[in-house]
Amino acid sequence: MFRAGELVKEFRNRTVPRERTALAIWFWEIDRVLLSLIVALMAIGLVAVAAASPVAAIDRSTSTVSVTPLIYFYRQLIWVFIGLPVMLVISMLPRTQARRLAFVLCVIFAVALLLVPVLGSVVNGAKRWIDLPGFRFQPSEFLKPVYVVTLAWLLSLRGKDMTLPVIPLTGALTLLIAAILMKQPDFGQTVIFLACWGGLLLLSGVSMRAIGGLAGAALGGLVLMYLFYENGRQRINDFLGIGVAQDVGPDQTELAFRTITHGGFLGVGPGGGQNKFRLPEAHTDYIFSVIGEEFGLLACIGIACVYLAIVVRVFLRMLDEDDNFTILAAAGLTTQFGLQAIINMGVNAQIFPSKGMTLPFISYGGSSMLALCIGVGLLLAFTRRNPFMGRHTVVKWSGR
């Protein structure tokens, strides 16, 4: 028969690692499969940026200035070395501190987004960036993950008090952000913000009638966008070939599709791509096409499977989670991550109109890399758990 003291000792031995340092506890609690998949994407991204860097270097070279062919690879390597420690440090935070950090960062980057029309710089016809000494950053990239966590926290409060007006509050905030993004213009980011809000509403238990109303409003918004939003209408018309003169060459999505299919299933080999030199922003928006040309469609399918594995892994890990905020935050971050990957790959495969959106952890970009590392760090923090706490130990008592 077990004595009470022996039972407590047995439970502690099974639920707490013998090495009780903070690093050891983090190692036991972190989702190592998810972390490995993210690191694999970073490694793939470095190879892809190395393949696409010469294209961007040629585009930015002039008669007097010659840009080093692998300059963007070296820069991306620096961003990885900066972003990976940031991600790991954030993943070590307890859930409460991670939530508070997300809220503070949400306020900071929301203010930065409001300042873009005043302090922003124009790049490729869009005013989305703020220039700092030695660094240019895109506030909307950093706002995405922390805003999703803040939305999850606000919506989780409904479970404690149904009278709180969190739905109209989150809706008003999301629409304000969407209006600012459309002004930049940045329709792709607008879609992600609105889609994440709608997905979190669905998970938070909003009635299907309300969800249906939101779906109808979204459809009406697309119609209004086409009628009154010049940038969006032009992209859709170019994608559909409406109003395009016959002697005009292929648009961006058609060039991307030709590039991604040029290499066949196995690709033409690293550095052997030629169609990539016709792509605009080959190292960012259209890097997936560069991968297809040089490493083949099989490599593209493999990368898509890695993204799918990340999404499935998180949702499976949330199946036995009972904290409403954690479920909403993890689901929102994963939805945002997966939706961004789907949009980028869909544009490269000529499924969607051009949206100017990076492929997570693979496209070049300092803002994108750091923002993604913050988001995944929060995701790893929310999915941490004691590996033994989920196991139900049955103790059989014997006695007379």
# chains A, B, ... in the order shown; residues from 1 in each chain; ligands from 1
>>> residues_around(residues="A:Thr253", least_positions_apart="3", cutoff="8 Å", atoms="only C-alpha atoms", output="list in words")
Phe239, Ala256, Phe257, Val347, Asn348, Ala349, Gln350, Pro353 and Ser354 of chain A
>>> write_last_selection(atoms="C-alpha atoms", output="compact mmCIF listing (two decimals), in the first residue's frame")
# COMPACT_ATOMS: atom_id res chain seq x y z
CA PHE A 239 -4.87 38.63 -63.01
CA ALA A 256 6.07 33.43 -61.65
CA PHE A 257 4.08 30.49 -62.97
CA VAL A 347 0.32 33.80 -56.06
CA ASN A 348 3.41 31.98 -57.35
CA ALA A 349 1.23 29.18 -58.72
CA GLN A 350 -1.05 31.74 -60.44
CA PRO A 353 -3.63 37.81 -57.88
CA SER A 354 -0.32 39.39 -56.95
>>> residues_around(residues="stretch 208-220 of chain A", least_positions_apart="6", cutoff="9 Å", atoms="only C-alpha atoms", output="ChimeraX atom specification")
/A:194,198,201-202
>>> closest_residue(among="A:Leu200, A:Phe135, A:Ala371, A:Gly365", to="A:Phe109", atoms="only C-alpha atoms")
A:Ala371
>>> closest_residue(among="A:Val33, A:Ile287, A:Leu240, A:Leu119", to="A:Ser53", atoms="only C-alpha atoms")
A:Ile287
>>> residues_around(residues="A:Pro280", least_positions_apart="2", cutoff="10 Å", atoms="only C-alpha atoms", output="list in words")
Val55, Ala56, Asp59, Gln252, Leu255, Ala256, Lys276, Phe277, Arg278, Ala282, His283, Thr284, Asp285, Tyr286 and Ile287 of chain A
>>> closest_residue(among="A:Tyr307, A:Phe382, A:Phe193, A:Trp153", to="A:Gln336", atoms="only C-alpha atoms")
A:Phe193
>>> residues_around(residues="A:Pro94", least_positions_apart="6", cutoff="12 Å", atoms="only C-alpha atoms", output="list in words")
Ala22, Ile25, Trp26, Glu29, Ile30, Arg100, Leu101, Thr326, Gly377, Leu378, Leu379, Leu380, Ala381, Phe382, Thr383, Arg384 and Arg385 of chain A
>>> write_last_selection(atoms="N, CA and C atoms", output="PDB file, in the first residue's frame")
ATOM      1  N   ALA A  22      16.313  26.375 -15.235  1.00  0.00           N
ATOM      2  CA  ALA A  22      15.298  26.942 -16.130  1.00  0.00           C
ATOM      3  C   ALA A  22      15.468  26.414 -17.547  1.00  0.00           C
ATOM      4  N   ILE A  25      14.169  22.758 -17.724  1.00  0.00           N
ATOM      5  CA  ILE A  25      12.703  22.709 -17.705  1.00  0.00           C
ATOM      6  C   ILE A  25      12.148  23.142 -19.055  1.00  0.00           C
ATOM      7  N   TRP A  26      12.737  24.209 -19.627  1.00  0.00           N
ATOM      8  CA  TRP A  26      12.308  24.656 -20.966  1.00  0.00           C
ATOM      9  C   TRP A  26      12.496  23.550 -21.995  1.00  0.00           C
ATOM     10  N   GLU A  29       9.753  21.016 -21.671  1.00  0.00           N
ATOM     11  CA  GLU A  29       8.399  21.494 -21.951  1.00  0.00           C
ATOM     12  C   GLU A  29       8.182  21.960 -23.384  1.00  0.00           C
ATOM     13  N   ILE A  30       9.240  22.381 -24.081  1.00  0.00           N
ATOM     14  CA  ILE A  30       9.086  22.939 -25.428  1.00  0.00           C
ATOM     15  C   ILE A  30       8.653  21.865 -26.415  1.00  0.00           C
ATOM     16  N   ARG A 100       1.459  39.324 -21.701  1.00  0.00           N
ATOM     17  CA  ARG A 100       1.707  40.735 -21.378  1.00  0.00           C
ATOM     18  C   ARG A 100       2.684  41.355 -22.370  1.00  0.00           C
ATOM     19  N   LEU A 101       3.704  40.616 -22.741  1.00  0.00           N
ATOM     20  CA  LEU A 101       4.649  41.116 -23.735  1.00  0.00           C
ATOM     21  C   LEU A 101       3.951  41.396 -25.051  1.00  0.00           C
ATOM     22  N   THR A 326      -5.281  30.261 -24.340  1.00  0.00           N
ATOM     23  CA  THR A 326      -4.189  29.544 -25.003  1.00  0.00           C
ATOM     24  C   THR A 326      -4.656  28.949 -26.319  1.00  0.00           C
ATOM     25  N   GLY A 377       7.945  32.535 -31.403  1.00  0.00           N
ATOM     26  CA  GLY A 377       8.351  32.474 -30.006  1.00  0.00           C
ATOM     27  C   GLY A 377       7.148  32.471 -29.069  1.00  0.00           C
ATOM     28  N   LEU A 378       6.164  33.335 -29.364  1.00  0.00           N
ATOM     29  CA  LEU A 378       4.928  33.335 -28.582  1.00  0.00           C
ATOM     30  C   LEU A 378       4.188  32.007 -28.725  1.00  0.00           C
ATOM     31  N   LEU A 379       4.142  31.482 -29.942  1.00  0.00           N
ATOM     32  CA  LEU A 379       3.465  30.203 -30.178  1.00  0.00           C
ATOM     33  C   LEU A 379       4.132  29.082 -29.393  1.00  0.00           C
ATOM     34  N   LEU A 380       5.463  29.041 -29.385  1.00  0.00           N
ATOM     35  CA  LEU A 380       6.182  28.020 -28.618  1.00  0.00           C
ATOM     36  C   LEU A 380       5.944  28.186 -27.122  1.00  0.00           C
ATOM     37  N   ALA A 381       5.826  29.437 -26.666  1.00  0.00           N
ATOM     38  CA  ALA A 381       5.548  29.670 -25.242  1.00  0.00           C
ATOM     39  C   ALA A 381       4.165  29.169 -24.863  1.00  0.00           C
ATOM     40  N   PHE A 382       3.186  29.389 -25.736  1.00  0.00           N
ATOM     41  CA  PHE A 382       1.815  28.975 -25.431  1.00  0.00           C
ATOM     42  C   PHE A 382       1.622  27.464 -25.565  1.00  0.00           C
ATOM     43  N   THR A 383       2.432  26.796 -26.350  1.00  0.00           N
ATOM     44  CA  THR A 383       2.286  25.346 -26.530  1.00  0.00           C
ATOM     45  C   THR A 383       3.208  24.557 -25.613  1.00  0.00           C
ATOM     46  N   ARG A 384       3.980  25.241 -24.768  1.00  0.00           N
ATOM     47  CA  ARG A 384       4.820  24.516 -23.805  1.00  0.00           C
ATOM     48  C   ARG A 384       3.952  23.795 -22.788  1.00  0.00           C
ATOM     49  N   ARG A 385       4.417  22.622 -22.379  1.00  0.00           N
ATOM     50  CA  ARG A 385       3.700  21.895 -21.346  1.00  0.00           C
ATOM     51  C   ARG A 385       4.598  20.823 -20.745  1.00  0.00           C
TER      52      ARG A 385
END
>>> closest_residue(among="A:Gly366, A:Gly205, A:Gly273, A:Gly296", to="A:Asn324", atoms="only C-alpha atoms")
A:Gly205
>>> closest_residue(among="A:Leu46, A:Val123, A:Ala40, A:Leu157", to="A:Ile78", atoms="only C-alpha atoms")
A:Leu46
>>> select_by_dssp(residues="stretch 59-231 of chain A", states="helix (DSSP H, G or I)", output="ChimeraX atom specification")
/A:59-60,71-91,95-119,139-159,166-183,187-203,208-228,230-231
